[in-house]
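*Asks:* Supplied in structure tokens, the structure appears directly below.
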4 protein chains.
Amino acid sequence: MIIIMKNTATKEHVDELSQWLARFNVQANPIFGKDTIVVGLVGDTGAVDRDALLRDPQVDNVIKVQEPFKLANRKFHPDNTIVRIGKNVEIGGSGVVVMAGPCSVEGHDQIIDVARHVKEQGATVLRGGAWKPRSSPYSFQGLKAEGLDLLHEASLDTGLPVVTEITNPAHIELFMDKCDCFQVGARNMQNFELLKELGQTDKPILLKRGFANTIEEFLMSAEYIMAGGNPNVILCERGIRTYETYTRNTLDISAVPALKRLSHLPVVVDPSHAAGIYWMVEPLAMSAIAAGADGLIIEVHNDPAHALSDGAQSLTYQSFEETMGKLRAVAAAVGKTI
Amino acid sequence: MIIIMKNTATKEHVDELSQWLARFNVQANPIFGKDTIVVGLVGDTGAVDRDALLRDPQVDNVIKVQEPFKLANRKFHPDNTIVRIGKNVEIGGSGVVVMAGPCSVEGHDQIIDVARHVKEQGATVLRGGAWKPRSSPYSFQGLKAEGLDLLHEASLDTGLPVVTEITNPAHIELFMDKCDCFQVGARNMQNFELLKELGQTDKPILLKRGFANTIEEFLMSAEYIMAGGNPNVILCERGIRTYETYTRNTLDISAVPALKRLSHLPVVVDPSHAAGIYWMVEPLAMSAIAAGADGLIIEVHNDPAHALSDGAQSLTYQSFEETMGKLRAVAAAVGKTI
Amino acid sequence: MIIIMKNTATKEHVDELSQWLARFNVQANPIFGKDTIVVGLVGDTGAVDRDALLRDPQVDNVIKVQEPFKLANRKFHPDNTIVRIGKNVEIGGSGVVVMAGPCSVEGHDQIIDVARHVKEQGATVLRGGAWKPRSSPYSFQGLKAEGLDLLHEASLDTGLPVVTEITNPAHIELFMDKCDCFQVGARNMQNFELLKELGQTDKPILLKRGFANTIEEFLMSAEYIMAGGNPNVILCERGIRTYETYTRNTLDISAVPALKRLSHLPVVVDPSHAAGIYWMVEPLAMSAIAAGADGLIIEVHNDPAHALSDGAQSLTYQSFEETMGKLRAVAAAVGKTI
Amino acid sequence: MIIIMKNTATKEHVDELSQWLARFNVQANPIFGKDTIVVGLVGDTGAVDRDALLRDPQVDNVIKVQEPFKLANRKFHPDNTIVRIGKNVEIGGSGVVVMAGPCSVEGHDQIIDVARHVKEQGATVLRGGAWKPRSSPYSFQGLKAEGLDLLHEASLDTGLPVVTEITNPAHIELFMDKCDCFQVGARNMQNFELLKELGQTDKPILLKRGFANTIEEFLMSAEYIMAGGNPNVILCERGIRTYETYTRNTLDISAVPALKRLSHLPVVVDPSHAAGIYWMVEPLAMSAIAAGADGLIIEVHNDPAHALSDGAQSLTYQSFEETMGKLRAVAAAVGKTI
């Protein structure tokens, strides 16, 4: 932590500050510059309140030097973490994992059919929503427990492990036997009550970046889960909110190399939610692999025009098949396989 | 709902579309322009899926004409709604309600002392956090149930009703007897599970705008609560996330007149969280009243330099006293009282 | 300037770095922390290239301590600067200066009529556009030189000094005798060629904040003008671009106290361009005065429904009159006069 | 154009509106919905002022149906435009054009050396700045006319055509003989005076997207140039400003497929300015090709640690060579060549 003093500050002010800091076993190292005094702190500054320092009338600014995330930080864990989903899928290594399926589970035949199809095309994880957070209380809210059961059936039928969104800590027990990976949606990325309870489980968590959260906040939410004891976090970039309205969200492609550099956790990209429209899913998915993503989560629907949610962005079977071909080519170009 | 056809669309395409729409009892009214065919829909378009229309290869765009919020909409409820907090406080009328208190409840003496002080200065609602959502799992998380008890004591001592943040639907019962108004924090504005359950209660809800949510999404979250049967929603603008980093958030002052125009619900402003720094609270609070806010929620602390959270933005007793004087002057200038 | 070393850096790396810095007469003061080495630089770091430091494989980050603006910085000029427009108008003191007039000059009678009206209501500067930067090449581009002449006539008729926008350095000579204050529009805030040439004049410059520029960049653009020798800069906040689309731009009301704290220059607010719609101009103007603005620039039109540009946001004579009454009340509440 | 009436509007109001519109030879087609009257306009609505309609007290909103750009619009020019730079370089076809070179021209030997190196590695256009727009008036502002001469020499030496930034309409003549392609920088994307004069030339224009401009505004700026008679516009995405501060700008990768769909003009990506830091240039460049970009513009420097500008983001010769290898692999995967 570094303290920038105001240009009215004197040596006496710095001495007073040093004495106060000594109470926290933190040593103050002042550097007297031409116009400004800067004070570098040595010791465990975790106990020093930045806010308290900012109240000091002689303090101009306080800068944190160290990244606040520890368990998620590559500095302390240089090797890639590989997370296992279900029995056989590993993410974070040399393969690109494709998770695919409908936005919402809509019925038995639908989810079985989609699961079989996406498996045939090379997806290795089935996605599908049972509880659906929707902006409007008047929209379809998901099949809930029934949807979860149907996902489980589709998993048994195809052997694909299942990832599905959880929105309430009270549902964790119900989900435990029915899915292989919890998804925390963008709107719940800072639902800390949920994160804390998921940290008590041992299932992998696909954590989506909030649509207006920074990379640091994203990693701090991963830290919440990991601090609870669960190291199996998969980071998912899904587009951020910007002034541009042509796309639903702006896919932050640079988050992929940034997250890979800052953290050892696997990184996947959701091109469907970023784009909001089907024809843009393919180029965004291709760019994600080229940028270094470990996986993709893509919406595929048996009949997008009649989907109960997010139909505009879902791929048809045929377009998913074509897209998978192109994704394989890009993956090969970057030395990976799908 | 209005459909803009692609410029390749023909009369035949429009006829097909009209037949499909007729299945939903919606009538299509095509207008054949110079370059473009536009189709206006008449009937209850709630059942027509915009996403399905966007999949139609002859459709260029689909525009919703009507605001999706109904219960919160001033169009259908022209008069201001006045919400009662506790026995005596009314918000939404000719007074400006000041809610004040510490960011976090830290102990018995602290909360009693702050409560007495803010009451003396003219605040009529006590604020204070018991469960504290924090970006870092390593930060102080609040006194929780004990904090709630202490708030209740402070309320009994001073007669001030209490507003405090709830972060988990599982806590509602516990809160019911201990507070007079639930606060839903910015990070939980789209925690629909929480909103739905709060809609089942009859207590007022201070709903904070998510820091990256639009005004329409904000009103849709109010709609979630109201659709559950609870009409007592107070809207709170607290700053939005923009590219500017000088302030913690950018107070969206125009949200005040916008919300007052779009909705009949009371609107309050939180200058403390928007600014993030104490010296900016006063000018923002003054501007909020000038812009038409019905109330303010301000952080005041007995000893901000040693606060356990948000010390940098809390007012001291002395500065709160000075600020209240200026707020009274601005309120008088706009024909209101504090 | 402060250098944060990577956690792989050793004392030897720091020694090398210190030797390199010594070539610039800059002294390196390393502080050896628990996990991190931080190096504070003393001396004139203006010659040290931050980019070069960031290339050093042992450097993690480089933080600038000092604000890059000097002439515009209140630290070095504690007293408010008062800028004179024309012979009699002073801005930056105890009065609130209202600049008013149409978006575009449209003809002789129009501009004379508007000028007389706004003067009658208490405006002391006439605004009006002759060269109009428009997003579309097919929109009305202003009366240009003729518009400038008409503004000059209106100024002679009413005695009001004139502020008008300049968009090309080649026009400066033409403007010199016809206006009292140059306006630099938001889109040209970083047109450095224009700023440099305006810095060679002695006329006041109303510098609008770019719609996506930070407060620091804004002050650096003021610095460009001042570094050329022209100290008469007036800062104008006019709304920034955010994700919110309900208003055309989001008025950054906190920029008013921020700019007043960081700089000694006068600050005015343009509520018309921020709002983009007439009914929101009044509450935003009121909030600007409450937040401490030194002036306002407001669009007023004799017949807004037939204005050649920005008709939607212009006030009619009647609404301007009503607004001025309310602005006077708020100004009085904050100890100022209009 | 579509007019949404307020829910207080009656048939009489619509009749009045229709009569007013008839004066512009525009026919009003009202659709009487359940709660709302919507009026679709047929005819050339270019003459109808949206702002005037918004002033009508019975009008709620006015929606433009047609994209405002015509010459740049793919609807009216379905085939890709191929722009020629210099004698031999074509952009917009089946190749990926790499433009490379230093941020600033710094001297004779430097620019010759960089030009030869980037040519050897497969770049086919030389980039380099002579006039440098910088945020600070105290930073290096470029070698100006001398820099232009040196670029020209490097072009003669290597045969590479040259692209360089122009910042002032007064410089056009000087540039005409010395460069092969004008670059309009992000900060000047809405410097309409500059765009209009460039539209009078016949040289290709590399138009960079402003860092806070929408895709529509970007295409309207292309339209300014094209409306002047110059069809040779190359669109360049270079990152937009968002709330995220980890990268200097957020590369809007979705702008690539969006621009390719909306317009027939070639699209290039500048990964260097988006990232702001060298190690991120490669993954962003790879993702751009995967997303469909027609070209890249990359900063390469002989000695980045001592560059006079933007050293942090420049590639060394060695890293450029490695990057080019990876770019070729991705290009091949999408059926293109470098």
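So you can find residues: chains in the structure tokens are A, B, ... in the order shown, residues in each start at 1, and ligands are numbered from 1 in order.
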Pick out the residues sitting within 10 Å of Glu322 in chain C, and hand them over as a list in words; count only C-alpha atoms, and ignore anything fewer than 6 positions along from it in its own chain.
*Replies:*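 Neighbouring residues, sequence-local ones excluded: Gln121, Glu282 and Thr316 of chain C.
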*Asks:* Could you give me, as CSV, a per-residue list for chain D showing, wherever an atom lies at most 8 Å from an atom of chain B, the closest pair of atoms and their distance in Å to one decimal, using only C-alpha atoms and sorting by chain then residue number from low to high?
*Replies:*
```
residue,atom,partner,partner_atom,distance
D:Ile4,CA,B:Val65,CA,7.1
D:Asn7,CA,B:Lys75,CA,7.8
D:Asn29,CA,B:Ile31,CA,7.0
D:Ile31,CA,B:Gly40,CA,6.8
D:Phe32,CA,B:Val42,CA,7.1
D:Gly33,CA,B:Val42,CA,4.8
D:Lys34,CA,B:Gly43,CA,6.0
D:Val38,CA,B:Gly40,CA,7.5
D:Gly40,CA,B:Ile31,CA,6.8
D:Leu41,CA,B:Gly33,CA,7.5
D:Val42,CA,B:Gly33,CA,4.7
D:Gly43,CA,B:Lys34,CA,6.0
D:Asp44,CA,B:Lys34,CA,7.5
D:Val65,CA,B:Ile4,CA,7.1
D:Lys75,CA,B:Asn7,CA,7.9
D:Arg241,CA,B:Tyr243,CA,6.6
D:Thr242,CA,B:Tyr243,CA,5.2
D:Tyr243,CA,B:Tyr243,CA,4.2
D:Glu244,CA,B:Tyr243,CA,7.4
```
*Asks:* Enumerate, as JSON, numbers by chain, the complete set of residues in range 137-306 of chain B that a backbone-based DSSP assignment places in strand (DSSP E or B).
*Replies:* {"B": [162, 163, 164, 165, 181, 182, 183, 184, 205, 206, 207, 208, 233, 234, 235, 236, 237, 240, 250, 252, 263, 267, 268, 269, 295, 296, 297, 298, 299, 300]}
*Asks:* Would you output that residue set with C-alpha atoms, as a PDB file, in the first residue's frame?
*Replies:*
```
ATOM      1  CA  VAL B 162     -35.170   1.467  10.539  1.00  0.00           C
ATOM      2  CA  VAL B 163     -34.123   0.578   6.983  1.00  0.00           C
ATOM      3  CA  THR B 164     -31.525  -2.183   6.562  1.00  0.00           C
ATOM      4  CA  GLU B 165     -30.261  -4.368   3.749  1.00  0.00           C
ATOM      5  CA  CYS B 181     -38.171  -1.117   5.593  1.00  0.00           C
ATOM      6  CA  PHE B 182     -36.160  -3.691   3.662  1.00  0.00           C
ATOM      7  CA  GLN B 183     -33.306  -2.394   1.589  1.00  0.00           C
ATOM      8  CA  VAL B 184     -32.395  -4.304  -1.567  1.00  0.00           C
ATOM      9  CA  ILE B 205     -38.856  -1.918   0.115  1.00  0.00           C
ATOM     10  CA  LEU B 206     -36.093   0.562  -0.624  1.00  0.00           C
ATOM     11  CA  LEU B 207     -34.918  -0.783  -3.983  1.00  0.00           C
ATOM     12  CA  LYS B 208     -31.506   0.430  -5.069  1.00  0.00           C
ATOM     13  CA  VAL B 233     -41.615   0.291  -3.351  1.00  0.00           C
ATOM     14  CA  ILE B 234     -39.216   3.231  -2.981  1.00  0.00           C
ATOM     15  CA  LEU B 235     -36.768   3.706  -5.853  1.00  0.00           C
ATOM     16  CA  CYS B 236     -33.198   4.681  -4.976  1.00  0.00           C
ATOM     17  CA  GLU B 237     -30.662   6.094  -7.451  1.00  0.00           C
ATOM     18  CA  ILE B 240     -24.010   4.049 -12.079  1.00  0.00           C
ATOM     19  CA  THR B 250     -21.448   8.484 -11.520  1.00  0.00           C
ATOM     20  CA  ASP B 252     -27.220   9.722 -12.615  1.00  0.00           C
ATOM     21  CA  SER B 263     -43.402   6.086 -12.459  1.00  0.00           C
ATOM     22  CA  VAL B 267     -37.534   8.417  -5.582  1.00  0.00           C
ATOM     23  CA  VAL B 268     -34.630   8.828  -3.178  1.00  0.00           C
ATOM     24  CA  VAL B 269     -30.949   9.431  -3.842  1.00  0.00           C
ATOM     25  CA  GLY B 295     -35.612  11.740  -0.038  1.00  0.00           C
ATOM     26  CA  LEU B 296     -31.960  11.074   0.663  1.00  0.00           C
ATOM     27  CA  ILE B 297     -30.069   8.251   2.303  1.00  0.00           C
ATOM     28  CA  ILE B 298     -26.797   9.471   3.790  1.00  0.00           C
ATOM     29  CA  GLU B 299     -24.021   7.717   5.678  1.00  0.00           C
ATOM     30  CA  VAL B 300     -23.145   9.353   8.996  1.00  0.00           C
TER      31      VAL B 300
END
```
*Asks:* Near Ala274 in chain A, within 10 Å and counting only C-alpha atoms, which residues show up once chain neighbours fewer than 2 positions away are dropped, as a PyMOL selection string?
*Replies:* (chain A and resi 211+237-241+247-252+269-272+276-277+280-281+284+313) or (chain D and resi 254)
*Asks:* Could you list, as a ChimeraX atom specification, every residue within 10 Å of Gly325 in chain B, counting only C-alpha atoms and ignoring same-chain residues fewer than 5 positions away?
*Replies:* /B:121-122,319-320,330,338
*Asks:* Based on the backbone DSSP call, show me all residues of range 175-334 of chain D assigned helix (DSSP H, G or I), as a PyMOL selection string.
*Replies:* chain D and resi 175-176+186-188+192-198+215-227+255-262+271-275+278-291+304-306+311-313+317-333
*Asks:* Residues near Leu265 in chain A, anyone? I mean within 10 Å using only C-alpha atoms, not counting same-chain ones fewer than 3 positions away, as an MDAnalysis selection string.
*Replies:* chainID A and resid 71:74 77 79:83 91:92 219 222 231:235 259:262 268 294
*Asks:* Select, from C:Met220, C:Leu53, C:Leu194, C:Ala123, the residue with the minimum atom-to-atom distance to Gly95 in chain C, counting only C-alpha atoms.
*Replies:*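 Once distances to Gly95 in chain C are computed over only C-alpha atoms, the minimum belongs to C:Ala123.
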*Asks:* Measuring atom to atom with only C-alpha atoms, identify which of C:Val62, C:Asp51, C:Ala285, C:Asn302 is nearest to Ala329 in chain C.
*Replies:* C:Ala285
*Asks:* List as a PDB file with all heavy atoms, in the first residue's frame the protein and nucleic acid residues near Gly311 in chain D, meaning an atom at most 7 Å away when only C-alpha atoms are counted, but skip any in the same chain fewer than 6 places from it.
*Replies:*
```pdb
ATOM      1  N   ASP C  51       6.223   4.105 -20.361  1.00  0.00           N
ATOM      2  CA  ASP C  51       6.138   2.971 -21.279  1.00  0.00           C
ATOM      3  C   ASP C  51       7.416   2.142 -21.271  1.00  0.00           C
ATOM      4  O   ASP C  51       7.376   0.909 -21.329  1.00  0.00           O
ATOM      5  CB  ASP C  51       5.872   3.467 -22.705  1.00  0.00           C
ATOM      6  CG  ASP C  51       4.396   3.767 -22.933  1.00  0.00           C
ATOM      7  OD1 ASP C  51       3.602   3.533 -22.012  1.00  0.00           O
ATOM      8  OD2 ASP C  51       4.050   4.228 -24.025  1.00  0.00           O
ATOM      9  N   ALA C  52       8.558   2.852 -21.217  1.00  0.00           N
ATOM     10  CA  ALA C  52       9.821   2.122 -21.210  1.00  0.00           C
ATOM     11  C   ALA C  52       9.899   1.251 -19.946  1.00  0.00           C
ATOM     12  O   ALA C  52      10.317   0.092 -20.002  1.00  0.00           O
ATOM     13  CB  ALA C  52      10.989   3.104 -21.251  1.00  0.00           C
TER      14      ALA C  52
ATOM     15  N   PRO D 304      11.487  -0.967 -28.505  1.00  0.00           N
ATOM     16  CA  PRO D 304      10.286  -0.445 -27.848  1.00  0.00           C
ATOM     17  C   PRO D 304      10.570   0.243 -26.519  1.00  0.00           C
ATOM     18  O   PRO D 304       9.906   1.224 -26.173  1.00  0.00           O
ATOM     19  CB  PRO D 304       9.419  -1.696 -27.629  1.00  0.00           C
ATOM     20  CG  PRO D 304       9.867  -2.665 -28.661  1.00  0.00           C
ATOM     21  CD  PRO D 304      11.341  -2.396 -28.858  1.00  0.00           C
ATOM     22  N   ALA D 305      11.575  -0.241 -25.790  1.00  0.00           N
ATOM     23  CA  ALA D 305      11.814   0.341 -24.470  1.00  0.00           C
ATOM     24  C   ALA D 305      12.274   1.785 -24.567  1.00  0.00           C
ATOM     25  O   ALA D 305      12.210   2.529 -23.590  1.00  0.00           O
ATOM     26  CB  ALA D 305      12.835  -0.496 -23.698  1.00  0.00           C
TER      27      ALA D 305
END
```
*Asks:* Please identify all polymer residues within 10 Å of Gly107 in chain D, counting only C-alpha atoms, omitting same-chain residues fewer than 2 positions from it, and present them as a PyMOL selection string.
*Replies:* chain D and resi 104-105+109-112+143+146-147+150-151
